[in-house]
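A.B. asks: Have a look at the structure that comes next, please.
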Amino acid sequence: MTQCPPATPLSDADYQRIGGQVLASIEAAADRWLQDDVIDIDTHRTGGLLELVFPNDSRIVVNLQPPLQEIWLAARAGGYHYRHVQGRWLDTRDASDFFEALSRHASDQGSRELRFAPS
């Protein structure tokens, strides 16, 4: 198992900006899929918390954790924490990529291939 390297230091403003970009890219992907009739994922965003609701009523929650400068992901399979390392969000336990994990969990919960990517 790979360990996650230390986080890249960010100012609070940079963390908020970069974290907001992550949430916006997730919302944009869900909006495109709805428009293209790929899948109907409802999105609900309140500040730094984004909830994705799938057609089977399962949910994925992505939220910013400013005190830790992390992004947390809660899916049916469990909860995960990610830190910013050299331009990527990596799992604090195994250094796996946030967008790859989000894609895997969304594909599982949406019962079709869904790929998220940073903007």
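By order of appearance in the structure tokens: chains A, B, ..., then residues from 1 within every chain, and ligands from 1 in the order shown.
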Skipping near chain neighbours, those fewer than 5 positions away, what residues fall within 10 Å of region 47-49 of chain A using only C-alpha atoms, listed as a PyMOL selection string?
C.D. replies: chain A and resi 16+19-20+23+61-66+71-72
A.B. asks: Could you pull out the alpha helix (DSSP H) residues of region 5-94 of chain A, going by DSSP on the backbone, and write them as a ChimeraX atom specification?
C.D. replies: /A:12-35
A.B. asks: Give me the residues within 12 Å of Pro9 (chain A) as a list in words, counting only C-alpha atoms and dropping any in the same chain fewer than 5 places off.
C.D. replies: Asp14, Tyr15, Leu68, Gln69, Glu70, Arg83, His84, Val85, Gln86 and Gly87 of chain A
A.B. asks: Determine, counting only C-alpha atoms, which protein, DNA and RNA residues have an atom within 12 Å of an atom of Asp108 (chain A); residues of the same chain fewer than 3 positions away are not included. Present the result as a list of chain:residue names.
C.D. replies: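 Non-adjacent residues within range: A:Phe54, A:Asn56, A:Ser58, A:Arg59, A:Ile60, A:Ala75, A:Arg76, A:Ala77, A:Ala101, A:Leu102, A:Ser103, A:Arg104, A:His105, A:Ser111, A:Arg112, A:Glu113, A:Leu114, A:Arg115.
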A.B. asks: Keeping C-alpha atoms for every residue in the selection just given, could you write it to a file as a PDB file, in the first residue's frame?
C.D. replies:
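Result file follows (again_26.pdb):
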```pdb
ATOM      1  CA  PHE A  54     -28.598   8.911  -8.114  1.00  0.00           C
ATOM      2  CA  ASN A  56     -31.761   4.589  -7.233  1.00  0.00           C
ATOM      3  CA  SER A  58     -28.233   6.346  -3.326  1.00  0.00           C
ATOM      4  CA  ARG A  59     -26.049   9.329  -2.552  1.00  0.00           C
ATOM      5  CA  ILE A  60     -22.480  10.528  -2.691  1.00  0.00           C
ATOM      6  CA  ALA A  75     -20.208   6.951  -0.792  1.00  0.00           C
ATOM      7  CA  ARG A  76     -22.117   3.740  -0.262  1.00  0.00           C
ATOM      8  CA  ALA A  77     -18.750   1.934  -0.016  1.00  0.00           C
ATOM      9  CA  ALA A 101     -12.331   7.164  -6.725  1.00  0.00           C
ATOM     10  CA  LEU A 102     -15.322   9.437  -7.335  1.00  0.00           C
ATOM     11  CA  SER A 103     -15.692   7.968 -10.833  1.00  0.00           C
ATOM     12  CA  ARG A 104     -15.523   4.415  -9.473  1.00  0.00           C
ATOM     13  CA  HIS A 105     -18.121   5.053  -6.746  1.00  0.00           C
ATOM     14  CA  SER A 111     -24.915   1.334 -12.667  1.00  0.00           C
ATOM     15  CA  ARG A 112     -23.060   2.741 -15.683  1.00  0.00           C
ATOM     16  CA  GLU A 113     -19.609   4.081 -16.517  1.00  0.00           C
ATOM     17  CA  LEU A 114     -19.274   7.655 -15.230  1.00  0.00           C
ATOM     18  CA  ARG A 115     -15.952   9.534 -15.402  1.00  0.00           C
TER      19      ARG A 115
END
```
A.B. asks: As an exercise, work out the distance from CA of Arg17 (chain A) to CA of Arg88 (chain A) in Å and give it to one decimal place.
C.D. replies: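 These two atoms are separated by 14.0 Å.
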A.B. asks: So, with only C-alpha atoms as the atoms that count, which of A:Ile26, A:Ala95, A:Leu52, A:Ile18 lies closest to Ala74 (chain A)?
C.D. replies: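 Among the listed residues, the smallest separation from Ala74 (chain A) belongs to A:Leu52.
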A.B. asks: Please report, as an NGL selection string, each residue of chain A to which DSSP assigns strand (DSSP E or B) when run on this structure's backbone.
C.D. replies: :A and (42-46 or 49-53 or 59-65 or 70-75 or 78-85 or 88-91 or 97)
A.B. asks: May I have the selected residues written with C-alpha atoms, as a PDB file, in the first residue's frame?
C.D. replies:
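part-v9.pdb written:
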```pdb
ATOM      1  CA  ASP A  42     -29.571  15.486  -8.872  1.00  0.00           C
ATOM      2  CA  THR A  43     -27.024  17.821  -7.324  1.00  0.00           C
ATOM      3  CA  HIS A  44     -27.553  19.840  -4.167  1.00  0.00           C
ATOM      4  CA  ARG A  45     -24.850  22.255  -3.060  1.00  0.00           C
ATOM      5  CA  THR A  46     -24.758  24.151   0.181  1.00  0.00           C
ATOM      6  CA  LEU A  49     -20.979  20.492   0.622  1.00  0.00           C
ATOM      7  CA  LEU A  50     -22.161  18.837  -2.596  1.00  0.00           C
ATOM      8  CA  GLU A  51     -24.633  15.962  -2.568  1.00  0.00           C
ATOM      9  CA  LEU A  52     -25.154  13.766  -5.637  1.00  0.00           C
ATOM     10  CA  VAL A  53     -28.427  11.826  -5.673  1.00  0.00           C
ATOM     11  CA  ARG A  59     -26.049   9.329  -2.552  1.00  0.00           C
ATOM     12  CA  ILE A  60     -22.480  10.528  -2.691  1.00  0.00           C
ATOM     13  CA  VAL A  61     -21.470  13.491  -0.573  1.00  0.00           C
ATOM     14  CA  VAL A  62     -18.366  15.553  -1.284  1.00  0.00           C
ATOM     15  CA  ASN A  63     -17.483  18.232   1.191  1.00  0.00           C
ATOM     16  CA  LEU A  64     -14.674  20.638   1.862  1.00  0.00           C
ATOM     17  CA  GLN A  65     -12.986  20.504   5.263  1.00  0.00           C
ATOM     18  CA  GLU A  70      -9.047  18.245   2.882  1.00  0.00           C
ATOM     19  CA  ILE A  71     -11.891  17.065   0.690  1.00  0.00           C
ATOM     20  CA  TRP A  72     -14.048  14.312   2.140  1.00  0.00           C
ATOM     21  CA  LEU A  73     -15.987  11.812   0.037  1.00  0.00           C
ATOM     22  CA  ALA A  74     -18.805   9.692   1.453  1.00  0.00           C
ATOM     23  CA  ALA A  75     -20.208   6.951  -0.792  1.00  0.00           C
ATOM     24  CA  GLY A  78     -17.419   4.170   2.783  1.00  0.00           C
ATOM     25  CA  GLY A  79     -15.807   7.460   3.671  1.00  0.00           C
ATOM     26  CA  TYR A  80     -12.522   8.837   2.352  1.00  0.00           C
ATOM     27  CA  HIS A  81     -10.302  11.853   3.020  1.00  0.00           C
ATOM     28  CA  TYR A  82      -8.160  13.578   0.373  1.00  0.00           C
ATOM     29  CA  ARG A  83      -5.364  16.126   0.664  1.00  0.00           C
ATOM     30  CA  HIS A  84      -3.933  18.410  -1.998  1.00  0.00           C
ATOM     31  CA  VAL A  85      -0.544  17.133  -3.173  1.00  0.00           C
ATOM     32  CA  ARG A  88      -3.907  16.453  -7.206  1.00  0.00           C
ATOM     33  CA  TRP A  89      -6.236  15.351  -4.418  1.00  0.00           C
ATOM     34  CA  LEU A  90      -4.878  12.101  -2.932  1.00  0.00           C
ATOM     35  CA  ASP A  91      -6.409   9.726  -0.385  1.00  0.00           C
ATOM     36  CA  ASP A  97      -6.691   9.877  -6.777  1.00  0.00           C
TER      37      ASP A  97
END
```
A.B. asks: With only C-alpha atoms as the atoms that count, which of A:Cys4, A:Ala106, A:Ala29, A:Leu10 lies nearest to Asp94 (chain A)?
C.D. replies: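 The closest residue to Asp94 (chain A) is A:Cys4.
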